[in-house]
$ cat target23.cif   # mmCIF, N, CA and C atoms
data_start
loop_
_atom_site.label_atom_id
_atom_site.label_comp_id
_atom_site.auth_asym_id
_atom_site.auth_seq_id
_atom_site.Cartn_x
_atom_site.Cartn_y
_atom_site.Cartn_z
N MET A 1 113.27 338.37 27.77
CA MET A 1 111.96 338.64 28.30
C MET A 1 111.78 337.89 29.62
N SER A 2 111.26 338.56 30.62
CA SER A 2 111.06 337.92 31.92
C SER A 2 109.91 336.91 31.85
N ILE A 3 109.90 336.01 32.80
CA ILE A 3 108.83 335.01 32.87
C ILE A 3 107.48 335.71 33.08
N GLU A 4 107.45 336.74 33.90
CA GLU A 4 106.20 337.48 34.11
C GLU A 4 105.70 338.08 32.80
N ASP A 5 106.61 338.62 31.98
CA ASP A 5 106.22 339.17 30.67
C ASP A 5 105.66 338.07 29.77
N LYS A 6 106.32 336.89 29.79
CA LYS A 6 105.82 335.77 28.99
C LYS A 6 104.43 335.35 29.45
N LEU A 7 104.24 335.28 30.77
CA LEU A 7 102.92 334.92 31.31
C LEU A 7 101.87 335.92 30.87
N ASN A 8 102.20 337.21 30.91
CA ASN A 8 101.27 338.24 30.47
C ASN A 8 100.96 338.10 28.99
N ASN A 9 101.98 337.87 28.17
CA ASN A 9 101.79 337.69 26.73
C ASN A 9 100.93 336.48 26.41
N LEU A 10 101.07 335.42 27.22
CA LEU A 10 100.29 334.20 27.01
C LEU A 10 98.93 334.25 27.72
N ASN A 11 98.67 335.37 28.39
CA ASN A 11 97.42 335.55 29.14
C ASN A 11 97.21 334.44 30.18
N ILE A 12 98.30 334.15 30.90
CA ILE A 12 98.28 333.11 31.93
C ILE A 12 98.40 333.77 33.30
N GLU A 13 97.48 333.44 34.16
CA GLU A 13 97.53 333.92 35.54
C GLU A 13 97.82 332.72 36.44
N ILE A 14 98.89 332.82 37.20
CA ILE A 14 99.25 331.73 38.11
C ILE A 14 98.41 331.87 39.38
N PRO A 15 97.71 330.80 39.74
CA PRO A 15 96.85 330.87 40.93
C PRO A 15 97.65 330.78 42.22
N ASN A 16 97.02 331.19 43.29
CA ASN A 16 97.55 330.93 44.62
C ASN A 16 97.37 329.43 44.83
N PRO A 17 98.44 328.66 45.00
CA PRO A 17 98.30 327.20 45.00
C PRO A 17 97.58 326.68 46.23
N PRO A 18 96.90 325.55 46.07
CA PRO A 18 96.21 324.96 47.22
C PRO A 18 97.19 324.42 48.26
N ASP A 19 96.77 324.44 49.50
CA ASP A 19 97.57 323.86 50.57
C ASP A 19 97.52 322.33 50.47
N PRO A 20 98.53 321.65 51.00
CA PRO A 20 98.50 320.18 51.02
C PRO A 20 97.26 319.67 51.76
N VAL A 21 96.76 318.53 51.32
CA VAL A 21 95.57 317.94 51.94
C VAL A 21 95.95 316.85 52.95
N GLY A 22 97.22 316.78 53.32
CA GLY A 22 97.68 315.77 54.28
C GLY A 22 98.94 316.24 54.97
N ASN A 23 99.61 315.32 55.65
CA ASN A 23 100.80 315.61 56.42
C ASN A 23 102.05 315.50 55.53
N TYR A 24 102.20 316.45 54.63
CA TYR A 24 103.35 316.51 53.74
C TYR A 24 103.53 317.96 53.30
N SER A 25 104.67 318.23 52.66
CA SER A 25 104.96 319.57 52.16
C SER A 25 104.56 319.68 50.70
N ALA A 26 104.10 320.85 50.32
CA ALA A 26 103.72 321.08 48.93
C ALA A 26 104.94 321.02 48.01
N PHE A 27 106.10 321.39 48.56
CA PHE A 27 107.35 321.31 47.80
C PHE A 27 108.50 321.16 48.78
N ILE A 28 109.59 320.60 48.28
CA ILE A 28 110.82 320.44 49.06
C ILE A 28 111.97 320.94 48.20
N LYS A 29 112.79 321.79 48.76
CA LYS A 29 114.02 322.21 48.09
C LYS A 29 115.15 321.33 48.59
N SER A 30 115.92 320.77 47.69
CA SER A 30 117.09 319.97 48.03
C SER A 30 118.21 320.38 47.08
N ASN A 31 119.20 321.03 47.65
CA ASN A 31 120.28 321.61 46.85
C ASN A 31 119.67 322.53 45.80
N ASN A 32 119.88 322.23 44.53
CA ASN A 32 119.35 323.11 43.48
C ASN A 32 118.09 322.56 42.83
N LEU A 33 117.44 321.59 43.47
CA LEU A 33 116.22 321.01 42.92
C LEU A 33 115.02 321.35 43.80
N ILE A 34 113.88 321.54 43.15
CA ILE A 34 112.62 321.73 43.84
C ILE A 34 111.70 320.59 43.40
N PHE A 35 111.32 319.77 44.36
CA PHE A 35 110.40 318.67 44.13
C PHE A 35 109.01 319.15 44.55
N ILE A 36 108.09 319.20 43.59
CA ILE A 36 106.75 319.67 43.89
C ILE A 36 105.83 318.46 44.00
N SER A 37 105.19 318.35 45.17
CA SER A 37 104.26 317.24 45.41
C SER A 37 103.15 317.27 44.36
N GLY A 38 102.53 316.11 44.18
CA GLY A 38 101.46 315.99 43.19
C GLY A 38 100.41 317.06 43.34
N GLN A 39 100.14 317.75 42.25
CA GLN A 39 99.14 318.81 42.24
C GLN A 39 97.89 318.31 41.52
N LEU A 40 96.77 318.59 42.13
CA LEU A 40 95.47 318.16 41.62
C LEU A 40 94.81 319.31 40.86
N PRO A 41 93.76 319.02 40.09
CA PRO A 41 93.05 320.08 39.37
C PRO A 41 92.06 320.82 40.27
N ILE A 42 92.62 321.50 41.28
CA ILE A 42 91.82 322.27 42.23
C ILE A 42 91.73 323.70 41.74
N LEU A 43 90.52 324.17 41.55
CA LEU A 43 90.26 325.52 41.08
C LEU A 43 90.40 326.52 42.23
N PRO A 44 90.58 327.80 41.91
CA PRO A 44 90.72 328.81 42.97
C PRO A 44 89.57 328.84 43.98
N ASP A 45 88.37 328.44 43.57
CA ASP A 45 87.24 328.44 44.51
C ASP A 45 87.21 327.19 45.39
N GLY A 46 88.22 326.31 45.25
CA GLY A 46 88.32 325.11 46.07
C GLY A 46 87.65 323.88 45.47
N SER A 47 86.90 324.06 44.39
CA SER A 47 86.30 322.90 43.73
C SER A 47 87.37 322.18 42.92
N MET A 48 87.08 320.96 42.52
CA MET A 48 88.07 320.16 41.81
C MET A 48 87.39 319.39 40.69
N ILE A 49 88.13 319.18 39.61
CA ILE A 49 87.64 318.33 38.53
C ILE A 49 87.88 316.90 38.95
N LYS A 50 86.79 316.17 39.10
CA LYS A 50 86.85 314.79 39.60
C LYS A 50 86.28 313.83 38.57
N GLY A 51 86.69 312.57 38.71
CA GLY A 51 86.11 311.50 37.91
C GLY A 51 87.11 310.86 36.97
N LYS A 52 86.63 309.82 36.32
CA LYS A 52 87.44 309.05 35.38
C LYS A 52 87.32 309.63 33.97
N ILE A 53 88.47 309.87 33.38
CA ILE A 53 88.49 310.34 32.00
C ILE A 53 88.05 309.20 31.10
N SER A 54 87.20 309.51 30.17
CA SER A 54 86.57 308.62 29.18
C SER A 54 85.40 307.83 29.76
N LYS A 55 85.11 308.03 31.04
CA LYS A 55 83.91 307.44 31.63
C LYS A 55 83.02 308.56 32.15
N ASP A 56 83.54 309.33 33.12
CA ASP A 56 82.79 310.45 33.70
C ASP A 56 83.12 311.77 33.02
N LEU A 57 84.31 311.85 32.45
CA LEU A 57 84.81 313.10 31.88
C LEU A 57 85.22 312.90 30.42
N THR A 58 85.06 313.95 29.63
CA THR A 58 85.49 313.93 28.23
C THR A 58 87.00 314.21 28.15
N ILE A 59 87.57 314.00 26.98
CA ILE A 59 88.98 314.34 26.74
C ILE A 59 89.18 315.83 27.01
N GLU A 60 88.24 316.65 26.56
CA GLU A 60 88.35 318.11 26.75
C GLU A 60 88.36 318.46 28.24
N GLU A 61 87.56 317.78 29.04
CA GLU A 61 87.57 318.01 30.48
C GLU A 61 88.88 317.52 31.08
N GLY A 62 89.45 316.45 30.54
CA GLY A 62 90.77 315.99 30.96
C GLY A 62 91.85 317.00 30.63
N GLU A 63 91.73 317.65 29.47
CA GLU A 63 92.68 318.70 29.09
C GLU A 63 92.56 319.88 30.06
N GLN A 64 91.33 320.27 30.39
CA GLN A 64 91.12 321.37 31.33
C GLN A 64 91.70 321.01 32.70
N ALA A 65 91.49 319.78 33.15
CA ALA A 65 92.03 319.34 34.44
C ALA A 65 93.55 319.40 34.43
N THR A 66 94.16 318.99 33.33
CA THR A 66 95.62 319.04 33.21
C THR A 66 96.13 320.47 33.29
N ARG A 67 95.46 321.37 32.60
CA ARG A 67 95.87 322.78 32.62
C ARG A 67 95.78 323.35 34.04
N ILE A 68 94.70 323.05 34.74
CA ILE A 68 94.55 323.55 36.11
C ILE A 68 95.64 322.98 37.01
N ALA A 69 95.92 321.68 36.87
CA ALA A 69 96.96 321.05 37.70
C ALA A 69 98.33 321.64 37.43
N ILE A 70 98.68 321.89 36.15
CA ILE A 70 100.01 322.45 35.87
C ILE A 70 100.09 323.90 36.33
N LEU A 71 98.98 324.63 36.30
CA LEU A 71 98.99 325.99 36.85
C LEU A 71 99.20 325.95 38.36
N ASN A 72 98.64 324.94 39.03
CA ASN A 72 98.89 324.78 40.46
C ASN A 72 100.36 324.44 40.73
N VAL A 73 100.96 323.64 39.84
CA VAL A 73 102.40 323.37 39.94
C VAL A 73 103.16 324.69 39.88
N LEU A 74 102.81 325.54 38.91
CA LEU A 74 103.51 326.82 38.77
C LEU A 74 103.28 327.71 39.99
N GLY A 75 102.11 327.62 40.59
CA GLY A 75 101.86 328.36 41.81
C GLY A 75 102.77 327.91 42.94
N GLN A 76 102.96 326.61 43.06
CA GLN A 76 103.88 326.08 44.09
C GLN A 76 105.32 326.48 43.77
N LEU A 77 105.68 326.43 42.49
CA LEU A 77 107.04 326.79 42.09
C LEU A 77 107.31 328.26 42.39
N LYS A 78 106.34 329.11 42.13
CA LYS A 78 106.49 330.54 42.42
C LYS A 78 106.62 330.75 43.94
N LYS A 79 105.84 330.00 44.70
CA LYS A 79 105.93 330.08 46.17
C LYS A 79 107.32 329.62 46.64
N ALA A 80 107.86 328.60 45.99
CA ALA A 80 109.16 328.05 46.39
C ALA A 80 110.32 328.96 46.02
N THR A 81 110.21 329.67 44.91
CA THR A 81 111.32 330.47 44.41
C THR A 81 111.18 331.97 44.67
N ASN A 82 109.95 332.43 44.82
CA ASN A 82 109.64 333.87 44.89
C ASN A 82 109.93 334.60 43.59
N ASP A 83 110.52 333.91 42.60
CA ASP A 83 110.86 334.54 41.32
C ASP A 83 111.06 333.45 40.29
N LEU A 84 110.11 333.30 39.38
CA LEU A 84 110.20 332.23 38.37
C LEU A 84 111.38 332.41 37.42
N ASN A 85 111.98 333.60 37.38
CA ASN A 85 113.16 333.81 36.54
C ASN A 85 114.36 333.04 37.06
N LEU A 86 114.29 332.54 38.30
CA LEU A 86 115.38 331.75 38.86
C LEU A 86 115.40 330.31 38.36
N VAL A 87 114.33 329.90 37.71
CA VAL A 87 114.24 328.51 37.23
C VAL A 87 115.24 328.30 36.10
N LYS A 88 116.11 327.29 36.28
CA LYS A 88 117.10 326.95 35.26
C LYS A 88 116.58 325.89 34.30
N ARG A 89 115.68 325.01 34.81
CA ARG A 89 115.20 323.91 33.98
C ARG A 89 114.01 323.23 34.65
N CYS A 90 113.08 322.80 33.81
CA CYS A 90 112.10 321.81 34.26
C CYS A 90 112.75 320.47 34.01
N VAL A 91 112.95 319.70 35.05
CA VAL A 91 113.66 318.43 34.94
C VAL A 91 112.71 317.32 34.53
N LYS A 92 111.54 317.21 35.20
CA LYS A 92 110.65 316.09 34.92
C LYS A 92 109.22 316.43 35.32
N ILE A 93 108.30 315.90 34.53
CA ILE A 93 106.87 315.94 34.85
C ILE A 93 106.37 314.50 34.82
N THR A 94 105.67 314.10 35.86
CA THR A 94 105.00 312.80 35.87
C THR A 94 103.51 313.06 36.00
N GLY A 95 102.74 312.50 35.08
CA GLY A 95 101.30 312.68 35.09
C GLY A 95 100.60 311.37 35.41
N TYR A 96 99.65 311.45 36.32
CA TYR A 96 98.83 310.30 36.69
C TYR A 96 97.39 310.64 36.32
N TYR A 97 96.75 309.78 35.55
CA TYR A 97 95.39 310.05 35.09
C TYR A 97 94.42 309.01 35.62
N ASN A 98 93.36 309.48 36.22
CA ASN A 98 92.25 308.65 36.68
C ASN A 98 91.42 308.36 35.43
N CYS A 99 91.47 307.14 34.95
CA CYS A 99 90.82 306.86 33.67
C CYS A 99 90.32 305.41 33.61
N SER A 100 89.48 305.18 32.64
CA SER A 100 88.97 303.83 32.42
C SER A 100 90.08 302.96 31.83
N ALA A 101 89.91 301.67 31.92
CA ALA A 101 90.91 300.72 31.41
C ALA A 101 91.10 300.85 29.90
N GLU A 102 90.09 301.32 29.19
CA GLU A 102 90.15 301.44 27.74
C GLU A 102 90.86 302.71 27.27
N PHE A 103 91.07 303.66 28.16
CA PHE A 103 91.63 304.96 27.78
C PHE A 103 93.08 304.81 27.33
N LYS A 104 93.42 305.45 26.21
CA LYS A 104 94.77 305.33 25.65
C LYS A 104 95.42 306.67 25.32
N GLU A 105 94.78 307.80 25.67
CA GLU A 105 95.26 309.12 25.25
C GLU A 105 96.02 309.87 26.34
N HIS A 106 96.66 309.13 27.26
CA HIS A 106 97.39 309.74 28.36
C HIS A 106 98.41 310.78 27.88
N ALA A 107 99.21 310.39 26.90
CA ALA A 107 100.27 311.28 26.41
C ALA A 107 99.70 312.56 25.84
N LYS A 108 98.59 312.47 25.13
CA LYS A 108 97.94 313.66 24.57
C LYS A 108 97.54 314.62 25.68
N LEU A 109 97.01 314.09 26.75
CA LEU A 109 96.61 314.96 27.86
C LEU A 109 97.82 315.60 28.53
N LEU A 110 98.88 314.83 28.75
CA LEU A 110 100.06 315.40 29.40
C LEU A 110 100.75 316.43 28.51
N ASN A 111 100.53 316.35 27.20
CA ASN A 111 101.08 317.36 26.29
C ASN A 111 100.60 318.76 26.66
N ILE A 112 99.40 318.87 27.24
CA ILE A 112 98.89 320.17 27.67
C ILE A 112 99.87 320.79 28.67
N ALA A 113 100.29 320.00 29.65
CA ALA A 113 101.24 320.49 30.66
C ALA A 113 102.61 320.74 30.05
N SER A 114 103.10 319.79 29.26
CA SER A 114 104.42 319.94 28.65
C SER A 114 104.49 321.17 27.77
N ASP A 115 103.48 321.36 26.94
CA ASP A 115 103.47 322.52 26.04
C ASP A 115 103.44 323.83 26.81
N LEU A 116 102.65 323.88 27.88
CA LEU A 116 102.57 325.11 28.66
C LEU A 116 103.92 325.45 29.28
N ILE A 117 104.59 324.45 29.84
CA ILE A 117 105.90 324.68 30.47
C ILE A 117 106.92 325.15 29.43
N VAL A 118 106.93 324.54 28.26
CA VAL A 118 107.87 324.95 27.21
C VAL A 118 107.52 326.34 26.68
N ASN A 119 106.24 326.65 26.55
CA ASN A 119 105.84 327.99 26.10
C ASN A 119 106.28 329.07 27.08
N ILE A 120 106.28 328.76 28.35
CA ILE A 120 106.67 329.74 29.38
C ILE A 120 108.18 329.83 29.51
N PHE A 121 108.86 328.68 29.60
CA PHE A 121 110.29 328.67 29.91
C PHE A 121 111.19 328.47 28.70
N GLY A 122 110.62 328.26 27.52
CA GLY A 122 111.44 328.04 26.33
C GLY A 122 112.22 326.74 26.45
N ASP A 123 113.47 326.74 26.00
CA ASP A 123 114.29 325.52 26.04
C ASP A 123 114.51 325.02 27.47
N LYS A 124 114.45 325.93 28.45
CA LYS A 124 114.59 325.52 29.86
C LYS A 124 113.37 324.71 30.31
N GLY A 125 112.31 324.75 29.54
CA GLY A 125 111.11 324.00 29.87
C GLY A 125 111.10 322.58 29.35
N LYS A 126 112.05 322.23 28.47
CA LYS A 126 112.10 320.86 27.93
C LYS A 126 112.48 319.91 29.06
N HIS A 127 111.76 318.81 29.16
CA HIS A 127 111.88 317.95 30.34
C HIS A 127 111.71 316.48 29.99
N ALA A 128 112.13 315.65 30.92
CA ALA A 128 111.80 314.22 30.86
C ALA A 128 110.39 314.08 31.42
N ARG A 129 109.74 312.97 31.11
CA ARG A 129 108.39 312.80 31.66
C ARG A 129 107.96 311.35 31.63
N ALA A 130 106.94 311.08 32.41
CA ALA A 130 106.27 309.78 32.41
C ALA A 130 104.79 310.06 32.59
N VAL A 131 103.97 309.18 32.03
CA VAL A 131 102.53 309.34 32.17
C VAL A 131 101.92 307.96 32.44
N ILE A 132 100.99 307.93 33.39
CA ILE A 132 100.45 306.67 33.88
C ILE A 132 98.95 306.78 34.01
N GLY A 133 98.25 305.74 33.59
CA GLY A 133 96.82 305.64 33.84
C GLY A 133 96.59 304.91 35.14
N ALA A 134 95.66 305.41 35.94
CA ALA A 134 95.40 304.83 37.26
C ALA A 134 93.92 304.50 37.40
N ASN A 135 93.64 303.49 38.19
CA ASN A 135 92.26 303.11 38.47
C ASN A 135 91.57 304.14 39.35
N THR A 136 92.31 304.73 40.29
CA THR A 136 91.80 305.79 41.15
C THR A 136 92.93 306.75 41.49
N LEU A 137 92.55 307.95 41.89
CA LEU A 137 93.50 308.94 42.39
C LEU A 137 92.91 309.55 43.67
N PRO A 138 93.76 310.17 44.50
CA PRO A 138 93.25 310.77 45.73
C PRO A 138 92.09 311.73 45.47
N LEU A 139 91.08 311.67 46.32
CA LEU A 139 89.92 312.55 46.26
C LEU A 139 89.14 312.44 44.95
N ASP A 140 89.36 311.34 44.21
CA ASP A 140 88.73 311.11 42.90
C ASP A 140 89.16 312.15 41.86
N ALA A 141 90.33 312.75 42.06
CA ALA A 141 90.84 313.75 41.11
C ALA A 141 91.00 313.13 39.73
N ALA A 142 90.80 313.94 38.70
CA ALA A 142 90.96 313.47 37.33
C ALA A 142 92.43 313.28 36.96
N VAL A 143 93.31 314.09 37.56
CA VAL A 143 94.73 314.06 37.24
C VAL A 143 95.54 314.50 38.46
N GLU A 144 96.77 314.02 38.53
CA GLU A 144 97.74 314.49 39.51
C GLU A 144 99.07 314.65 38.78
N LEU A 145 99.69 315.82 38.93
CA LEU A 145 100.97 316.10 38.28
C LEU A 145 102.05 316.31 39.33
N GLU A 146 103.13 315.56 39.19
CA GLU A 146 104.29 315.64 40.08
C GLU A 146 105.45 316.17 39.25
N THR A 147 106.22 317.11 39.80
CA THR A 147 107.26 317.76 38.99
C THR A 147 108.56 317.96 39.77
N ILE A 148 109.63 318.14 38.99
CA ILE A 148 110.93 318.49 39.54
C ILE A 148 111.49 319.64 38.70
N PHE A 149 111.95 320.69 39.37
CA PHE A 149 112.56 321.84 38.70
C PHE A 149 113.95 322.08 39.28
N GLU A 150 114.84 322.64 38.47
CA GLU A 150 116.17 323.05 38.90
C GLU A 150 116.22 324.57 39.00
N VAL A 151 116.81 325.06 40.07
CA VAL A 151 117.01 326.51 40.23
C VAL A 151 118.48 326.82 40.43
#

$ encode --input "target23.cif" --output "structure tokens"
Amino acid sequence: MSIEDKLNNLNIEIPNPPDPVGNYSAFIKSNNLIFISGQLPILPDGSMIKGKISKDLTIEEGEQATRIAILNVLGQLKKATNDLNLVKRCVKITGYYNCSAEFKEHAKLLNIASDLIVNIFGDKGKHARAVIGANTLPLDAAVELETIFEV
């Protein structure tokens, strides 16, 4: 089954990814790897989920922010490859969460991204990962996801 068929079956629409907000590239291809710069939870209308999880935002809002950010990752990946069927593996996902010092559910939130990637790519979606709580993130974003894929 093609990746497009899987996306249709999962009722997932990949957004047109946001442009970088600074002097950097949204992704870099190096040999057979695609490094995707940190993606924020920017919605198609340009708004963004902002704030600290467990202070300004609920866990559910953190889950929504993670889903939006990983969809933006997929948008960048599609832009980089022109065909998601070329993806051989998701190598790594790193999640950064804007959260209060008391917050301890980072891994649960990143599972949203990990599960989505595995649901789309199957065994090729299994990846290494790291998750970090941060005092602040750029533009007060709730989450930033950085990824590496092999093609």

$ closest_residue --input "target23.cif" --among "A:Cys90, A:Asp123, A:Ile12, A:Lys50" --to "Thr147 (chain A)" --atoms "only C-alpha atoms"
A:Cys90

$ closest_residue --input "target23.cif" --among "A:Ala142, A:Ala113, A:Val87, A:Ile3" --to "Leu40 (chain A)" --atoms "only C-alpha atoms"
A:Ala142

$ resolve_selection --input "target23.cif" --expression "the PyMOL selection byres ((chain A and resi 68-74) around 8)" --output "PyMOL selection string"
chain A and resi 13-18+36-43+62-67+75-80+112-114+117+143-147

$ atom_distance --input "target23.cif" --atom1 "atom C of Lys104 (chain A)" --atom2 "atom N of Phe121 (chain A)"
26.1 Å

$ resolve_selection --input "target23.cif" --expression "the PyMOL selection byres ((chain A and resi 97) around 5)" --output "mmCIF file with N, CA and C atoms, in the frame of the given file"
data_model
loop_
_atom_site.group_PDB
_atom_site.id
_atom_site.type_symbol
_atom_site.label_atom_id
_atom_site.label_comp_id
_atom_site.auth_asym_id
_atom_site.auth_seq_id
_atom_site.Cartn_x
_atom_site.Cartn_y
_atom_site.Cartn_z
ATOM 1 N N GLY A 95 102.740 312.500 35.080
ATOM 2 C CA GLY A 95 101.300 312.680 35.090
ATOM 3 C C GLY A 95 100.600 311.370 35.410
ATOM 4 N N TYR A 96 99.650 311.450 36.320
ATOM 5 C CA TYR A 96 98.830 310.300 36.690
ATOM 6 C C TYR A 96 97.390 310.640 36.320
ATOM 7 N N ASN A 98 93.360 309.480 36.220
ATOM 8 C CA ASN A 98 92.250 308.650 36.680
ATOM 9 C C ASN A 98 91.420 308.360 35.430
ATOM 10 N N CYS A 99 91.470 307.140 34.950
ATOM 11 C CA CYS A 99 90.820 306.860 33.670
ATOM 12 C C CYS A 99 90.320 305.410 33.610
ATOM 13 N N ILE A 132 100.990 307.930 33.390
ATOM 14 C CA ILE A 132 100.450 306.670 33.880
ATOM 15 C C ILE A 132 98.950 306.780 34.010
ATOM 16 N N GLY A 133 98.250 305.740 33.590
ATOM 17 C CA GLY A 133 96.820 305.640 33.840
ATOM 18 C C GLY A 133 96.590 304.910 35.140
ATOM 19 N N ALA A 134 95.660 305.410 35.940
ATOM 20 C CA ALA A 134 95.400 304.830 37.260
ATOM 21 C C ALA A 134 93.920 304.500 37.400
ATOM 22 N N ALA A 142 90.800 313.940 38.700
ATOM 23 C CA ALA A 142 90.960 313.470 37.330
ATOM 24 C C ALA A 142 92.430 313.280 36.960
ATOM 25 N N VAL A 143 93.310 314.090 37.560
ATOM 26 C CA VAL A 143 94.730 314.060 37.240
ATOM 27 C C VAL A 143 95.540 314.500 38.460
#

$ resolve_selection --input "target23.cif" --expression "the PyMOL selection byres (((chain A and resi 89 and name CA) around 10) and name CA)" --output "compact mmCIF listing (two decimals) with N, CA and C atoms, keeping the file's coordinate frame"
# COMPACT_ATOMS: atom_id res chain seq x y z
N LEU A 33 117.44 321.59 43.47
CA LEU A 33 116.22 321.01 42.92
C LEU A 33 115.02 321.35 43.80
N LEU A 86 114.29 332.54 38.30
CA LEU A 86 115.38 331.75 38.86
C LEU A 86 115.40 330.31 38.36
N VAL A 87 114.33 329.90 37.71
CA VAL A 87 114.24 328.51 37.23
C VAL A 87 115.24 328.30 36.10
N LYS A 88 116.11 327.29 36.28
CA LYS A 88 117.10 326.95 35.26
C LYS A 88 116.58 325.89 34.30
N CYS A 90 113.08 322.80 33.81
CA CYS A 90 112.10 321.81 34.26
C CYS A 90 112.75 320.47 34.01
N VAL A 91 112.95 319.70 35.05
CA VAL A 91 113.66 318.43 34.94
C VAL A 91 112.71 317.32 34.53
N LYS A 92 111.54 317.21 35.20
CA LYS A 92 110.65 316.09 34.92
C LYS A 92 109.22 316.43 35.32
N ILE A 117 104.59 324.45 29.84
CA ILE A 117 105.90 324.68 30.47
C ILE A 117 106.92 325.15 29.43
N PHE A 121 108.86 328.68 29.60
CA PHE A 121 110.29 328.67 29.91
C PHE A 121 111.19 328.47 28.70
N GLY A 122 110.62 328.26 27.52
CA GLY A 122 111.44 328.04 26.33
C GLY A 122 112.22 326.74 26.45
N ASP A 123 113.47 326.74 26.00
CA ASP A 123 114.29 325.52 26.04
C ASP A 123 114.51 325.02 27.47
N LYS A 124 114.45 325.93 28.45
CA LYS A 124 114.59 325.52 29.86
C LYS A 124 113.37 324.71 30.31
N GLY A 125 112.31 324.75 29.54
CA GLY A 125 111.11 324.00 29.87
C GLY A 125 111.10 322.58 29.35
N LYS A 126 112.05 322.23 28.47
CA LYS A 126 112.10 320.86 27.93
C LYS A 126 112.48 319.91 29.06
N HIS A 127 111.76 318.81 29.16
CA HIS A 127 111.88 317.95 30.34
C HIS A 127 111.71 316.48 29.99
N ILE A 148 109.63 318.14 38.99
CA ILE A 148 110.93 318.49 39.54
C ILE A 148 111.49 319.64 38.70
N PHE A 149 111.95 320.69 39.37
CA PHE A 149 112.56 321.84 38.70
C PHE A 149 113.95 322.08 39.28
N GLU A 150 114.84 322.64 38.47
CA GLU A 150 116.17 323.05 38.90
C GLU A 150 116.22 324.57 39.00
N VAL A 151 116.81 325.06 40.07
CA VAL A 151 117.01 326.51 40.23
C VAL A 151 118.48 326.82 40.43

$ select_by_dssp --input "target23.cif" --residues "chain A" --states "strand (DSSP E or B)" --output "PyMOL selection string"
chain A and resi 27-30+33-39+42+48+50+53+57+89-99+128-134+141+143-150

$ select_by_dssp --input "target23.cif" --residues "region 8-136 of chain A" --states "alpha helix (DSSP H)" --output "ChimeraX atom specification"
/A:8-9,59-81,106-121
